Amino acid sequence: MQTSGVTNEVRDFWDQHAATFDQEPDHGLLDPEVRAAWAATLLPVLPADSASVADLGCGTGSLSVLLAQAGHEVRGVDLSPRMVAAARAKANAAGVSAAFVQGDASRSPYAPASCDVVLARHVLWALPDPAAALKIWVDLLRPGGLLVLVEGRWSTGAGLTAAECRALVLDVRREADVTRLDDPALWGRPIDDERYLLVSRS
């Protein structure tokens with residue numbers, strides 16, 4: 001998770017959770033069925049050829065490694081140094097090349113027009129100014145680039161509904177296609193809240 005205007009408290013919160021973060025099935029992708037479900041969800045959306053992917057708020061790097069194993073060139077950024085260390089270790093263990101840096105994903109350390117794909121999972125909802133972050137993220141994309149968001153409106157009441165997220169994206173892009181992510185295989189259990197994939201190709 002990230003904020004615009006990073007605070008030590010936010011960074012420390014995620015540092016404290018880094019060691020146990022992967023215990024959630026959709027975080028660690030340790031269960032082969034869960035991992036296969038995420039691969040089946042994300043890989044068909046991405047370009048068929050190797051693409052430059054920015055994984056913003058990458059956490060422990062599970063999706064970064066998944067995409068790198070599929071042949072994509074992945075760079076990840078996360079606010080938590082311990083999350084970044086875990087992501088690097090995970091990539092090394094998998095034998096894939098992926099570059100991870102510590103930083104604020106809402107501001108992004110990457111140059112404008114340097115990515116084919118911008119991916120963020122469970123990040124946008126937590127930002128104090130998601131609209132401002134989306135403008136920055138879209139600027140990272142090359143012409144024809146792909147914005148891929150995994151978001152939700154959680155049972156706690158936090159999060160963004162699909163309609164809210166789509167409206168935010170349509171302020172900066174022409175297209176925003178939403179697909180519900182209600183397959184229990186993605187989460188390791190049945191869910192009763194709203195979770196979805198938003199893809200914007202233009």
# chains A, B, ... in the order shown; residues from 1 in each chain; ligands from 1
call {"tool": "residues_around", "arguments": {"residues": "region 177-192 of chain A", "least_positions_apart": "4", "cutoff": "10 Å", "atoms": "only C-alpha atoms", "output": "ChimeraX atom specification"}}
result
/A:24-27,29,31-41,148-152,154-155,162-163,165-166,169,196-201
call {"tool": "residues_around", "arguments": {"residues": "Ser114 (chain A)", "least_positions_apart": "6", "cutoff": "10 Å", "atoms": "only C-alpha atoms", "output": "count of residues only"}}
result
9
call {"tool": "select_by_dssp", "arguments": {"residues": "region 97-168 of chain A", "states": "alpha helix (DSSP H)", "output": "number ranges by chain"}}
result
A: 130-139, 162-168
call {"tool": "atom_distance", "arguments": {"atom1": "CA of Asp22 (chain A)", "atom2": "CA of Leu56 (chain A)"}}
result
17.2 Å
call {"tool": "residues_around", "arguments": {"residues": "Gly95 (chain A)", "least_positions_apart": "4", "cutoff": "10 Å", "atoms": "only C-alpha atoms", "output": "list of chain:residue names"}}
result
A:Val65, A:Ala68, A:Gln69, A:Ala89, A:Lys90, A:Ala91
call {"tool": "closest_residue", "arguments": {"among": "A:Arg174, A:His17, A:Arg195, A:Arg82", "to": "His122 (chain A)", "atoms": "only C-alpha atoms"}}
result
A:Arg195
call {"tool": "select_by_dssp", "arguments": {"residues": "region 24-67 of chain A", "states": "strand (DSSP E or B)", "output": "ChimeraX atom specification"}}
result
/A:52-56
call {"tool": "closest_residue", "arguments": {"among": "A:Ala132, A:Ala86, A:Thr60, A:Gly144", "to": "Ala113 (chain A)", "atoms": "only C-alpha atoms"}}
result
A:Gly144
